[in-house]
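J.: For reference, the file model-v8.pdb (PDB, C-alpha atoms and all ligand atoms) is included below:
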ATOM      1  CA  MET S   9     -19.076  15.382  17.376
ATOM      2  CA  GLU S  10     -17.012  17.556  15.063
ATOM      3  CA  ASN S  11     -15.679  16.900  11.565
ATOM      4  CA  LYS S  12     -17.934  13.897  11.024
ATOM      5  CA  GLU S  13     -18.216  14.483   7.311
ATOM      6  CA  LYS S  14     -14.553  14.130   6.438
ATOM      7  CA  TYR S  15     -13.872  10.883   4.596
ATOM      8  CA  ALA S  16     -10.754   8.847   3.974
ATOM      9  CA  LEU S  17     -10.736   6.047   1.405
ATOM     10  CA  VAL S  18      -8.346   3.180   2.128
ATOM     11  CA  THR S  19      -7.710   0.379  -0.361
ATOM     12  CA  GLY S  20      -6.744  -2.864   1.353
ATOM     13  CA  GLY S  21      -8.027  -1.517   4.653
ATOM     14  CA  THR S  22      -8.997  -4.956   5.978
ATOM     15  CA  SER S  23      -5.533  -6.359   6.677
ATOM     16  CA  GLY S  24      -1.971  -5.499   7.680
ATOM     17  CA  ILE S  25      -0.709  -1.962   7.131
ATOM     18  CA  GLY S  26      -3.982  -0.775   5.548
ATOM     19  CA  ARG S  27      -6.015  -2.070   8.508
ATOM     20  CA  ALA S  28      -3.711  -0.206  10.906
ATOM     21  CA  LEU S  29      -3.944   2.972   8.811
ATOM     22  CA  ALA S  30      -7.746   2.711   8.865
ATOM     23  CA  GLU S  31      -7.650   2.470  12.669
ATOM     24  CA  LEU S  32      -5.477   5.596  12.948
ATOM     25  CA  LEU S  33      -7.683   7.554  10.547
ATOM     26  CA  ALA S  34     -10.826   6.512  12.422
ATOM     27  CA  ALA S  35      -9.191   7.465  15.742
ATOM     28  CA  ASP S  36      -8.649  10.892  14.176
ATOM     29  CA  GLN S  37     -12.388  11.002  13.428
ATOM     30  CA  TYR S  38     -12.202  10.372   9.713
ATOM     31  CA  ASN S  39     -15.195   8.504   8.366
ATOM     32  CA  LEU S  40     -13.985   5.697   6.158
ATOM     33  CA  ILE S  41     -14.543   4.035   2.834
ATOM     34  CA  LEU S  42     -12.796   0.665   2.796
ATOM     35  CA  VAL S  43     -12.105  -1.103  -0.487
ATOM     36  CA  SER S  44     -10.971  -4.712  -0.797
ATOM     37  CA  ARG S  45     -12.322  -8.024  -2.085
ATOM     38  CA  ASP S  46     -13.504 -10.123   0.865
ATOM     39  CA  LEU S  47     -16.966  -8.891   1.843
ATOM     40  CA  SER S  48     -17.141 -10.625   5.220
ATOM     41  CA  GLU S  49     -13.750  -9.196   6.246
ATOM     42  CA  LEU S  50     -14.889  -5.747   5.117
ATOM     43  CA  GLN S  51     -18.040  -6.050   7.228
ATOM     44  CA  GLN S  52     -16.095  -7.324  10.238
ATOM     45  CA  VAL S  53     -13.526  -4.507  10.092
ATOM     46  CA  ALA S  54     -16.226  -1.888   9.493
ATOM     47  CA  GLN S  55     -18.072  -3.075  12.591
ATOM     48  CA  GLU S  56     -14.909  -2.972  14.706
ATOM     49  CA  LEU S  57     -13.963   0.528  13.548
ATOM     50  CA  THR S  58     -17.472   1.864  14.068
ATOM     51  CA  GLN S  59     -17.558   0.436  17.587
ATOM     52  CA  ASN S  60     -14.052   1.627  18.475
ATOM     53  CA  HIS S  61     -14.318   5.165  17.130
ATOM     54  CA  GLN S  62     -17.990   6.031  16.429
ATOM     55  CA  VAL S  63     -17.267   6.943  12.813
ATOM     56  CA  ARG S  64     -19.209   5.995   9.699
ATOM     57  CA  VAL S  65     -17.628   3.222   7.656
ATOM     58  CA  HIS S  66     -18.713   2.380   4.099
ATOM     59  CA  THR S  67     -17.412  -0.735   2.430
ATOM     60  CA  ILE S  68     -16.915  -1.423  -1.255
ATOM     61  CA  SER S  69     -16.099  -4.980  -2.253
ATOM     62  CA  LYS S  70     -14.090  -4.726  -5.439
ATOM     63  CA  ASP S  71     -11.342  -6.707  -7.146
ATOM     64  CA  LEU S  72      -8.700  -4.132  -8.045
ATOM     65  CA  PHE S  73      -6.970  -6.634 -10.326
ATOM     66  CA  LYS S  74      -9.620  -5.529 -12.821
ATOM     67  CA  ARG S  75      -8.903  -2.444 -14.890
ATOM     68  CA  GLU S  76     -12.440  -1.026 -14.594
ATOM     69  CA  SER S  77     -12.623  -1.434 -10.783
ATOM     70  CA  PRO S  78     -11.062   1.904  -9.677
ATOM     71  CA  PHE S  79     -13.526   3.794 -11.886
ATOM     72  CA  GLU S  80     -16.418   1.781 -10.435
ATOM     73  CA  VAL S  81     -15.195   2.596  -6.922
ATOM     74  CA  TYR S  82     -15.130   6.301  -7.784
ATOM     75  CA  ASP S  83     -18.666   6.130  -9.242
ATOM     76  CA  GLU S  84     -19.945   4.356  -6.110
ATOM     77  CA  VAL S  85     -18.416   7.006  -3.858
ATOM     78  CA  LYS S  86     -19.979   9.772  -5.949
ATOM     79  CA  ASN S  87     -23.370   8.018  -5.915
ATOM     80  CA  LEU S  88     -23.158   7.913  -2.112
ATOM     81  CA  GLY S  89     -22.507  11.681  -2.190
ATOM     82  CA  LEU S  90     -19.259  11.353  -0.220
ATOM     83  CA  ASN S  91     -16.300  13.688  -0.423
ATOM     84  CA  VAL S  92     -12.891  12.015  -0.110
ATOM     85  CA  GLU S  93     -10.357  14.278   1.593
ATOM     86  CA  VAL S  94      -7.774  11.557   2.143
ATOM     87  CA  LEU S  95      -6.944   8.856  -0.385
ATOM     88  CA  VAL S  96      -4.813   5.958   0.799
ATOM     89  CA  ASN S  97      -3.548   3.773  -2.056
ATOM     90  CA  ASN S  98      -2.392   0.704  -0.180
ATOM     91  CA  ALA S  99      -3.734  -2.551  -1.674
ATOM     92  CA  ALA S 100      -0.916  -4.347  -3.470
ATOM     93  CA  GLN S 101       0.436  -7.865  -3.808
ATOM     94  CA  GLY S 102       3.742  -9.603  -4.481
ATOM     95  CA  ALA S 103       4.565 -12.754  -6.420
ATOM     96  CA  TYR S 104       7.587 -14.948  -5.738
ATOM     97  CA  GLY S 105       9.847 -16.804  -8.130
ATOM     98  CA  GLU S 106      12.141 -16.392 -11.107
ATOM     99  CA  PHE S 107      10.548 -14.284 -13.828
ATOM    100  CA  LYS S 108      10.956 -17.042 -16.443
ATOM    101  CA  ASP S 109       8.765 -19.362 -14.329
ATOM    102  CA  MET S 110       6.033 -16.907 -13.412
ATOM    103  CA  ASP S 111       2.415 -16.989 -14.573
ATOM    104  CA  ILE S 112       2.319 -13.922 -16.804
ATOM    105  CA  ASN S 113      -1.373 -13.302 -16.150
ATOM    106  CA  ARG S 114      -0.699 -13.183 -12.406
ATOM    107  CA  GLU S 115       2.130 -10.688 -13.036
ATOM    108  CA  LEU S 116      -0.107  -8.525 -15.246
ATOM    109  CA  ASP S 117      -2.874  -8.591 -12.615
ATOM    110  CA  MET S 118      -0.308  -7.484 -10.062
ATOM    111  CA  ILE S 119       0.857  -4.607 -12.258
ATOM    112  CA  GLN S 120      -2.786  -3.530 -12.602
ATOM    113  CA  LEU S 121      -3.379  -3.698  -8.818
ATOM    114  CA  ASN S 122      -0.047  -2.221  -7.692
ATOM    115  CA  ILE S 123       0.233   0.490 -10.360
ATOM    116  CA  GLY S 124      -2.990   0.821 -12.374
ATOM    117  CA  GLY S 125      -5.186   0.864  -9.280
ATOM    118  CA  TYR S 126      -3.139   3.606  -7.596
ATOM    119  CA  VAL S 127      -2.919   5.726 -10.750
ATOM    120  CA  ALA S 128      -6.590   5.419 -11.725
ATOM    121  CA  LEU S 129      -7.973   6.111  -8.235
ATOM    122  CA  THR S 130      -5.647   9.077  -7.852
ATOM    123  CA  SER S 131      -6.641  10.460 -11.255
ATOM    124  CA  CYS S 132     -10.351  10.285 -10.330
ATOM    125  CA  PHE S 133     -10.189  11.704  -6.798
ATOM    126  CA  LEU S 134      -7.549  14.296  -7.671
ATOM    127  CA  GLN S 135     -10.039  16.183  -9.859
ATOM    128  CA  ASP S 136     -12.323  16.655  -6.829
ATOM    129  CA  MET S 137      -9.378  17.627  -4.623
ATOM    130  CA  LEU S 138      -8.242  20.225  -7.172
ATOM    131  CA  ALA S 139     -11.772  21.630  -7.343
ATOM    132  CA  SER S 140     -11.907  22.014  -3.548
ATOM    133  CA  GLY S 141      -8.273  23.167  -3.295
ATOM    134  CA  SER S 142      -7.335  20.578  -0.673
ATOM    135  CA  GLY S 143      -6.628  16.911  -0.248
ATOM    136  CA  LYS S 144      -4.141  14.376   1.048
ATOM    137  CA  ILE S 145      -2.862  11.301  -0.779
ATOM    138  CA  LEU S 146      -0.834   8.483   0.770
ATOM    139  CA  ASN S 147       0.801   6.013  -1.608
ATOM    140  CA  VAL S 148       2.125   2.898   0.066
ATOM    141  CA  GLY S 149       5.260   2.070  -1.874
ATOM    142  CA  SER S 150       8.110  -0.008  -0.479
ATOM    143  CA  ILE S 151      11.835  -0.056   0.076
ATOM    144  CA  ALA S 152      11.572  -2.827  -2.553
ATOM    145  CA  GLY S 153      11.189  -0.013  -5.072
ATOM    146  CA  GLU S 154      14.662   1.279  -4.243
ATOM    147  CA  ALA S 155      16.562  -1.800  -5.442
ATOM    148  CA  PRO S 156      16.254  -4.544  -8.056
ATOM    149  CA  GLY S 157      14.652  -7.648  -6.559
ATOM    150  CA  PRO S 158      15.523 -11.009  -8.079
ATOM    151  CA  LEU S 159      12.745 -13.514  -7.234
ATOM    152  CA  GLN S 160      10.292 -10.618  -6.928
ATOM    153  CA  SER S 161      11.295  -8.725 -10.061
ATOM    154  CA  VAL S 162       7.884  -7.470 -11.144
ATOM    155  CA  TYR S 163       6.842  -6.547  -7.596
ATOM    156  CA  HIS S 164      10.027  -4.494  -7.137
ATOM    157  CA  GLY S 165       9.353  -2.813 -10.489
ATOM    158  CA  THR S 166       5.819  -1.868  -9.453
ATOM    159  CA  LYS S 167       7.104  -0.333  -6.233
ATOM    160  CA  ALA S 168       9.850   1.582  -8.080
ATOM    161  CA  PHE S 169       7.052   3.052 -10.188
ATOM    162  CA  ILE S 170       5.034   4.054  -7.108
ATOM    163  CA  ASN S 171       8.031   5.621  -5.356
ATOM    164  CA  THR S 172       9.041   7.833  -8.302
ATOM    165  CA  TRP S 173       5.526   8.572  -9.588
ATOM    166  CA  SER S 174       4.563   9.673  -6.097
ATOM    167  CA  ALA S 175       7.523  12.077  -5.917
ATOM    168  CA  SER S 176       6.671  13.436  -9.375
ATOM    169  CA  ILE S 177       3.048  14.261  -8.642
ATOM    170  CA  GLN S 178       4.001  15.555  -5.189
ATOM    171  CA  TYR S 179       6.127  18.154  -6.976
ATOM    172  CA  GLU S 180       3.425  18.997  -9.525
ATOM    173  CA  LEU S 181       0.803  19.495  -6.804
ATOM    174  CA  LYS S 182       2.870  21.220  -4.136
ATOM    175  CA  ASP S 183       1.357  24.665  -4.684
ATOM    176  CA  LYS S 184      -2.219  23.428  -5.121
ATOM    177  CA  GLY S 185      -3.145  22.563  -1.535
ATOM    178  CA  ILE S 186      -2.769  18.835  -2.150
ATOM    179  CA  THR S 187      -0.113  16.770  -0.435
ATOM    180  CA  VAL S 188       1.256  13.476  -1.737
ATOM    181  CA  THR S 189       3.132  11.207   0.657
ATOM    182  CA  ALA S 190       4.986   8.001  -0.165
ATOM    183  CA  LEU S 191       5.293   5.467   2.652
ATOM    184  CA  LEU S 192       8.156   3.001   2.144
ATOM    185  CA  PRO S 193       7.913   0.069   4.562
ATOM    186  CA  GLY S 194      10.438  -2.733   4.783
ATOM    187  CA  ALA S 195       9.476  -6.327   5.650
ATOM    188  CA  THR S 196       6.402  -6.116   7.871
ATOM    189  CA  GLU S 197       4.439  -8.781   9.766
ATOM    190  CA  THR S 198       1.328  -9.085   7.569
ATOM    191  CA  ASP S 199      -0.376 -11.591   5.244
ATOM    192  CA  PHE S 200       1.627 -10.163   2.324
ATOM    193  CA  PHE S 201       4.173 -13.024   2.227
ATOM    194  CA  ASN S 202       1.449 -15.696   2.321
ATOM    195  CA  LYS S 203      -0.340 -14.118  -0.619
ATOM    196  CA  ALA S 204       2.982 -13.827  -2.478
ATOM    197  CA  GLU S 205       3.722 -17.520  -1.737
ATOM    198  CA  MET S 206       7.158 -16.670  -0.373
ATOM    199  CA  ASN S 207       7.097 -18.305   3.039
ATOM    200  CA  GLU S 208      10.139 -20.378   2.026
ATOM    201  CA  SER S 209      12.297 -17.286   1.593
ATOM    202  CA  ARG S 210      15.051 -16.143   3.948
ATOM    203  CA  MET S 211      13.198 -12.849   4.260
ATOM    204  CA  VAL S 212      10.307 -14.681   5.936
ATOM    205  CA  GLN S 213      12.227 -17.428   7.756
ATOM    206  CA  ASP S 214      15.228 -15.561   9.122
ATOM    207  CA  MET S 215      14.714 -11.812   9.043
ATOM    208  CA  PRO S 216      12.990  -9.491  11.513
ATOM    209  CA  HIS S 217       9.654  -8.030  10.467
ATOM    210  CA  ALA S 218       8.240  -4.689  11.565
ATOM    211  CA  ASP S 219       4.980  -4.283  13.397
ATOM    212  CA  PRO S 220       2.258  -3.043  10.967
ATOM    213  CA  GLU S 221       0.915  -0.634  13.604
ATOM    214  CA  LYS S 222       4.331   1.055  13.856
ATOM    215  CA  VAL S 223       4.667   1.253  10.049
ATOM    216  CA  ALA S 224       1.158   2.698   9.749
ATOM    217  CA  LYS S 225       1.879   5.289  12.462
ATOM    218  CA  ASP S 226       4.951   6.472  10.555
ATOM    219  CA  GLY S 227       2.848   6.745   7.395
ATOM    220  CA  PHE S 228      -0.055   8.437   9.162
ATOM    221  CA  ASP S 229       2.205  11.035  10.799
ATOM    222  CA  ALA S 230       3.914  11.809   7.472
ATOM    223  CA  LEU S 231       0.525  12.008   5.725
ATOM    224  CA  MET S 232      -0.821  14.440   8.300
ATOM    225  CA  SER S 233       2.356  16.549   8.136
ATOM    226  CA  GLY S 234       2.223  16.550   4.326
ATOM    227  CA  ASP S 235       5.719  15.053   4.036
ATOM    228  CA  ALA S 236       6.711  13.795   0.586
ATOM    229  CA  LYS S 237       8.296  10.543   1.740
ATOM    230  CA  ILE S 238       8.842   8.392   4.786
ATOM    231  CA  ILE S 239      10.970   5.266   4.989
ATOM    232  CA  SER S 240       9.688   3.396   8.029
ATOM    233  CA  GLY S 241      12.374   2.108  10.391
ATOM    234  CA  PHE S 242      16.035   2.951  10.929
ATOM    235  CA  MET S 243      17.475  -0.232   9.391
ATOM    236  CA  ASN S 244      15.307   0.235   6.301
ATOM    237  CA  LYS S 245      16.692   3.769   5.896
ATOM    238  CA  VAL S 246      20.203   2.289   6.089
ATOM    239  CA  GLN S 247      19.324  -0.430   3.558
ATOM    240  CA  VAL S 248      17.903   2.130   1.103
ATOM    241  CA  GLY S 249      20.964   4.357   1.546
ATOM    242  CA  MET S 250      23.271   1.431   0.767
ATOM    243  CA  ALA S 251      21.207   0.246  -2.216
ATOM    244  CA  ASN S 252      21.265   3.762  -3.671
ATOM    245  CA  MET S 253      25.064   3.865  -3.472
ATOM    246  CA  GLN S 254      25.680   0.393  -4.932
ATOM    247  CA  PRO S 255      25.742  -0.584  -8.604
ATOM    248  CA  ASP S 256      22.498  -2.368  -9.543
ATOM    249  CA  SER S 257      24.305  -5.710  -9.919
ATOM    250  CA  MET S 258      25.544  -5.535  -6.324
ATOM    251  CA  ALA S 259      22.145  -4.440  -4.976
ATOM    252  CA  ALA S 260      20.491  -7.286  -6.916
ATOM    253  CA  ALA S 261      22.933  -9.834  -5.465
ATOM    254  CA  SER S 262      22.307  -8.596  -1.953
ATOM    255  CA  MET S 263      18.528  -8.674  -2.447
ATOM    256  CA  TYR S 264      18.752 -12.187  -3.900
ATOM    257  CA  LYS S 265      20.457 -13.351  -0.697
ATOM    258  CA  GLN S 266      17.554 -11.957   1.330
ATOM    259  CA  GLN S 267      14.860 -13.415  -0.897
ATOM    260  CA  LYS S 268      16.226 -16.829  -1.869
ATOM    261  CA  PRO S 269      14.622 -19.957  -0.397
ATOM    262  CA  VAL S 270      16.084 -21.196   2.861
ATOM    263  CA  GLU S 271      18.080 -24.357   2.243
ATOM    264  CA  LYS S 272      16.376 -27.377   3.790
ATOM    265  CA  LYS S 273      18.516 -29.125   6.405
ATOM    266  CA  GLU S 274      19.041 -32.880   5.940
ATOM    267  CA  ASP S 275      17.871 -35.028   8.890
TER
HETATM  268  N1  LIG S 301       4.227  -6.612   4.399
HETATM  269  C1  LIG S 301       5.382  -6.141   3.921
HETATM  270  O1  LIG S 301       6.470  -6.677   4.222
HETATM  271  C2  LIG S 301       5.411  -4.914   3.067
HETATM  272  C3  LIG S 301       6.644  -4.274   2.848
HETATM  273  C4  LIG S 301       6.690  -3.138   2.057
HETATM  274  C5  LIG S 301       5.534  -2.643   1.485
HETATM  275  N2  LIG S 301       4.340  -3.274   1.701
HETATM  276  C6  LIG S 301       3.154  -2.722   1.057
HETATM  277  O2  LIG S 301       2.160  -2.474   2.040
HETATM  278  C7  LIG S 301       0.880  -2.488   1.421
HETATM  279  C8  LIG S 301      -0.082  -3.305   2.248
HETATM  280  O3  LIG S 301       0.348  -4.646   2.280
HETATM  281  P1  LIG S 301       0.207  -5.565   3.573
HETATM  282  O4  LIG S 301       1.564  -6.054   3.893
HETATM  283  O5  LIG S 301      -0.573  -4.890   4.615
HETATM  284  O6  LIG S 301      -0.591  -6.808   2.921
HETATM  285  P2  LIG S 301      -1.874  -7.649   3.369
HETATM  286  O7  LIG S 301      -1.896  -7.860   4.840
HETATM  287  O8  LIG S 301      -1.831  -8.825   2.469
HETATM  288  O9  LIG S 301      -3.105  -6.703   2.973
HETATM  289  C9  LIG S 301      -3.436  -6.460   1.642
HETATM  290  C10 LIG S 301      -4.786  -5.767   1.567
HETATM  291  O10 LIG S 301      -5.063  -5.480   0.178
HETATM  292  C11 LIG S 301      -6.285  -6.114  -0.218
HETATM  293  N3  LIG S 301      -6.152  -6.624  -1.571
HETATM  294  C12 LIG S 301      -5.267  -7.547  -2.027
HETATM  295  N4  LIG S 301      -5.507  -7.819  -3.317
HETATM  296  C13 LIG S 301      -6.560  -7.044  -3.687
HETATM  297  C14 LIG S 301      -7.288  -6.907  -4.894
HETATM  298  N5  LIG S 301      -6.999  -7.636  -5.989
HETATM  299  N6  LIG S 301      -8.321  -6.034  -4.927
HETATM  300  C15 LIG S 301      -8.650  -5.311  -3.832
HETATM  301  N7  LIG S 301      -7.993  -5.401  -2.659
HETATM  302  C16 LIG S 301      -6.964  -6.273  -2.594
HETATM  303  C17 LIG S 301      -6.472  -7.252   0.792
HETATM  304  O11 LIG S 301      -7.838  -7.620   0.960
HETATM  305  P3  LIG S 301      -8.512  -8.794   0.068
HETATM  306  O12 LIG S 301      -7.501  -9.891  -0.049
HETATM  307  O13 LIG S 301      -9.775  -9.179   0.790
HETATM  308  O14 LIG S 301      -8.834  -8.167  -1.251
HETATM  309  C18 LIG S 301      -5.933  -6.612   2.066
HETATM  310  O15 LIG S 301      -6.917  -5.785   2.652
HETATM  311  C19 LIG S 301       1.111  -2.998  -0.002
HETATM  312  O16 LIG S 301       1.179  -1.876  -0.871
HETATM  313  C20 LIG S 301       2.471  -3.662   0.078
HETATM  314  O17 LIG S 301       3.132  -3.679  -1.166
HETATM  315  C21 LIG S 301       4.257  -4.402   2.484
END
In structure tokens, how does this file's structure come out?
T.:
Amino acid sequence: MENKEKYALVTGGTSGIGRALAELLAADQYNLILVSRDLSELQQVAQELTQNHQVRVHTISKDLFKRESPFEVYDEVKNLGLNVEVLVNNAAQGAYGEFKDMDINRELDMIQLNIGGYVALTSCFLQDMLASGSGKILNVGSIAGEAPGPLQSVYHGTKAFINTWSASIQYELKDKGITVTALLPGATETDFFNKAEMNESRMVQDMPHADPEKVAKDGFDALMSGDAKIISGFMNKVQVGMANMQPDSMAAASMYKQQKPVEKKED
């Protein structure tokens, strides 16, 4: 079989959008390196992908809340002698509630995972990509990064960082054979909302959620075409367009309505 030595590294490749991206990459005959925390899920997904697509799948169990973890991932990949042609920065989490009530250590962990993890992994693998003159990077941002998000303020801030940082390095690297693509999903049917403890919100209770396979396909196609940015889904494009035209206070009010807890009905 051809091209067996090309590798894609996917953080958070065991669930949701990352799992679907891993499937698409494997179907395109990329060997995979999957990075997330739960070892048994990593082993299960690796087995499924190997069976489905006859590719090699390496797993690295690592907690990307920790500042040293991205560097340890890079060292492990180098020790295995693998060359990463595609880097998918996808693992991220949300946290729900008013900022004044939040556990600051949870918020700081989230900033490390959602920003520090992406930046550190990119910094490491970019040096190899520059040396070889080619490479593809997919940063999973969010439409949340295009508007202030009361009740998810830090999460929205992390995604704003990813969206603009991605566009900045895309520009810096555009003549160097390396593409950088930002994927901006809207609400998607994954475990994200459980982990963020926001099942009470209108966004979960009342609003439609996209299929992670469809979101991943949009991201995969943009990654392969080397596009700078893809907002997945027509209504999400409309929402981003409106948020960009509104004053921040109006965008924040509209986002609050989407994210506030659903009022409990009296019996
Ligand atoms: N779902 C949405 O509505 C939505 C909307 C816009 C953007 N996004 C973005 O899409 C991306 C994927 O999210 P998803 O919805 O697919 O969520 P998900 O189903 O919860 O998957 C998250 C993945 O990241 C891994 N992960 C979480 N915390 C980690 C940590 N500390 N260290 C290492 N790995 C960790 C998880 O595995 P372990 O728990 O085993 O570590 C899992 O594989 C994120 O960047 C998210 O911000 C999601």
J.: Find the spatial neighbours of Val65 (chain S), counting only C-alpha atoms, within a cut-off of 7 Å - ignore same-chain residues fewer than 6 positions away - and output them as a PyMOL selection string.
T.: chain S and resi 39-41+54+58
J.: Check which residues of region 81-150 of chain S sit at most 10 Å from region 206-219 of chain S using all atoms listed in the file, and return one row each with the closest pair of atoms and their distance in Å to one decimal, ordered by chain and rising number, as a Markdown table.
T.:
| residue | atom | partner | partner_atom | distance |
| --- | --- | --- | --- | --- |
| S:Gly102 | CA | S:Met206 | CA | 8.9 |
| S:Ala103 | CA | S:Met206 | CA | 7.7 |
| S:Tyr104 | CA | S:Met206 | CA | 5.7 |
| S:Gly105 | CA | S:Met206 | CA | 8.2 |
J.: Quick one: distance from CA of Met110 (chain S) to atom O8 of ligand LIG 301 (chain S) in Å, one decimal?
T.: 19.5 Å
J.: Could you list, as an mmCIF file with C-alpha atoms, keeping the file's coordinate frame, all protein and nucleic acid residues with an atom at most 6 Å from ligand LIG 301 (chain S), counting only C-alpha atoms and all ligand atoms?
T.:
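Below you can see out09.cif, which holds the result:
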data_model
loop_
_atom_site.group_PDB
_atom_site.id
_atom_site.type_symbol
_atom_site.label_atom_id
_atom_site.label_comp_id
_atom_site.auth_asym_id
_atom_site.auth_seq_id
_atom_site.Cartn_x
_atom_site.Cartn_y
_atom_site.Cartn_z
ATOM 1 C CA GLY S 20 -6.744 -2.864 1.353
ATOM 2 C CA GLY S 21 -8.027 -1.517 4.653
ATOM 3 C CA THR S 22 -8.997 -4.956 5.978
ATOM 4 C CA SER S 23 -5.533 -6.359 6.677
ATOM 5 C CA GLY S 24 -1.971 -5.499 7.680
ATOM 6 C CA ILE S 25 -0.709 -1.962 7.131
ATOM 7 C CA GLY S 26 -3.982 -0.775 5.548
ATOM 8 C CA SER S 44 -10.971 -4.712 -0.797
ATOM 9 C CA ARG S 45 -12.322 -8.024 -2.085
ATOM 10 C CA ASP S 46 -13.504 -10.123 0.865
ATOM 11 C CA LYS S 70 -14.090 -4.726 -5.439
ATOM 12 C CA ASP S 71 -11.342 -6.707 -7.146
ATOM 13 C CA LEU S 72 -8.700 -4.132 -8.045
ATOM 14 C CA PHE S 73 -6.970 -6.634 -10.326
ATOM 15 C CA ASN S 98 -2.392 0.704 -0.180
ATOM 16 C CA ALA S 99 -3.734 -2.551 -1.674
ATOM 17 C CA ALA S 100 -0.916 -4.347 -3.470
ATOM 18 C CA GLN S 101 0.436 -7.865 -3.808
ATOM 19 C CA VAL S 148 2.125 2.898 0.066
ATOM 20 C CA GLY S 149 5.260 2.070 -1.874
ATOM 21 C CA SER S 150 8.110 -0.008 -0.479
ATOM 22 C CA PRO S 193 7.913 0.069 4.562
ATOM 23 C CA GLY S 194 10.438 -2.733 4.783
ATOM 24 C CA ALA S 195 9.476 -6.327 5.650
ATOM 25 C CA THR S 196 6.402 -6.116 7.871
ATOM 26 C CA GLU S 197 4.439 -8.781 9.766
ATOM 27 C CA THR S 198 1.328 -9.085 7.569
ATOM 28 C CA ASP S 199 -0.376 -11.591 5.244
ATOM 29 C CA PHE S 200 1.627 -10.163 2.324
#
J.: One number please: CA of Leu146 (chain S) to CA of Val96 (chain S), in Å, one decimal.
T.: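 Taking CA of Leu146 (chain S) and CA of Val96 (chain S), their separation equals 4.7 Å.
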J.: What lies within 8 Å of Asn147 (chain S) using only C-alpha atoms, ignoring chain neighbours under 2 positions off, as a PyMOL selection string?
T.: chain S and resi 96-98+126+145+149+170+174+188-191
J.: Given the file shown, enumerate the residues that the PyMOL selection byres (((chain S and resi 129) around 10) and not hetatm) captures and present them as an mmCIF file with C-alpha atoms, keeping the file's coordinate frame.
T.:
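Final file, expr-v3.cif:
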data_model
loop_
_atom_site.group_PDB
_atom_site.id
_atom_site.type_symbol
_atom_site.label_atom_id
_atom_site.label_comp_id
_atom_site.auth_asym_id
_atom_site.auth_seq_id
_atom_site.Cartn_x
_atom_site.Cartn_y
_atom_site.Cartn_z
ATOM 1 C CA THR S 19 -7.710 0.379 -0.361
ATOM 2 C CA SER S 77 -12.623 -1.434 -10.783
ATOM 3 C CA PRO S 78 -11.062 1.904 -9.677
ATOM 4 C CA PHE S 79 -13.526 3.794 -11.886
ATOM 5 C CA GLU S 80 -16.418 1.781 -10.435
ATOM 6 C CA VAL S 81 -15.195 2.596 -6.922
ATOM 7 C CA TYR S 82 -15.130 6.301 -7.784
ATOM 8 C CA LEU S 95 -6.944 8.856 -0.385
ATOM 9 C CA VAL S 96 -4.813 5.958 0.799
ATOM 10 C CA ASN S 97 -3.548 3.773 -2.056
ATOM 11 C CA GLY S 124 -2.990 0.821 -12.374
ATOM 12 C CA GLY S 125 -5.186 0.864 -9.280
ATOM 13 C CA TYR S 126 -3.139 3.606 -7.596
ATOM 14 C CA VAL S 127 -2.919 5.726 -10.750
ATOM 15 C CA ALA S 128 -6.590 5.419 -11.725
ATOM 16 C CA THR S 130 -5.647 9.077 -7.852
ATOM 17 C CA SER S 131 -6.641 10.460 -11.255
ATOM 18 C CA CYS S 132 -10.351 10.285 -10.330
ATOM 19 C CA PHE S 133 -10.189 11.704 -6.798
ATOM 20 C CA LEU S 134 -7.549 14.296 -7.671
#
J.: Rank S:Gly143, S:Pro269, S:Met253, S:Asn171 by their smallest atom-to-atom distance to Met232 (chain S), using all atoms listed in the file, and report the top residue only.
T.: S:Gly143
J.: Enter the distance from CA of Ala30 (chain S) to CA of Leu17 (chain S), in Å, rounded to one decimal.
T.: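 The value is 8.7 Å.
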J.: Write out as a VMD selection string the residues lying within 10 Å of Ile151 (chain S), counting only C-alpha atoms and excluding same-chain residues fewer than 4 positions away.
T.: chain S and resid 155 164 167 to 168 171 191 to 195 239 to 240 244 to 245 247 to 248 251
J.: Taking into account all atoms listed in the file, which residue in the set S:Leu47, S:Gln120, S:Gln160, S:Leu29 is nearest to Phe201 (chain S)?
T.: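 Ranked by minimum distance to Phe201 (chain S), first place goes to S:Gln160.
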J.: Which protein, DNA or RNA residues have an atom at most 12 Å from (-13.6, 17.4, -5.6), counting all atoms listed in the file? List them as a PyMOL selection string.
T.: chain S and resi 82+85-86+89-94+130-144+186
J.: Pick the closest to Lys203 (chain S) from S:Met118, S:Ala236, S:Trp173, S:Ser69: which is it, counting all atoms listed in the file?
T.: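 Selected residue with least distance to Lys203 (chain S): S:Met118.
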J.: Can you work out which one of S:Arg114, S:Tyr264, S:Ala224, S:Tyr15 has the shortest atom-to-atom distance to Leu32 (chain S), counting all atoms listed in the file?
T.: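 Checking each of S:Arg114, S:Tyr264, S:Ala224, S:Tyr15 against Leu32 (chain S), counting all atoms listed in the file, the winner is S:Ala224.
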J.: Residues at most 12 Å from Ala35 (chain S), counting only C-alpha atoms, excluding those fewer than 2 positions away in the same chain, as a list in words?
T.: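 After dropping sequence-adjacent residues, the list is Lys12, Ala16, Ala28, Leu29, Ala30, Glu31, Leu32, Leu33, Gln37, Tyr38, Asn39, Leu40, Glu56, Leu57, Thr58, Gln59, Asn60, His61, Gln62, Val63, Arg64, Lys225 and Phe228 of chain S.
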J.: Counting all atoms listed in the file, figure out which residue out of S:Leu159, S:Ile177, S:Ile112, S:Leu42 gets nearest to Ala260 (chain S).
T.: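 Result for the nearest residue to Ala260 (chain S): S:Leu159.
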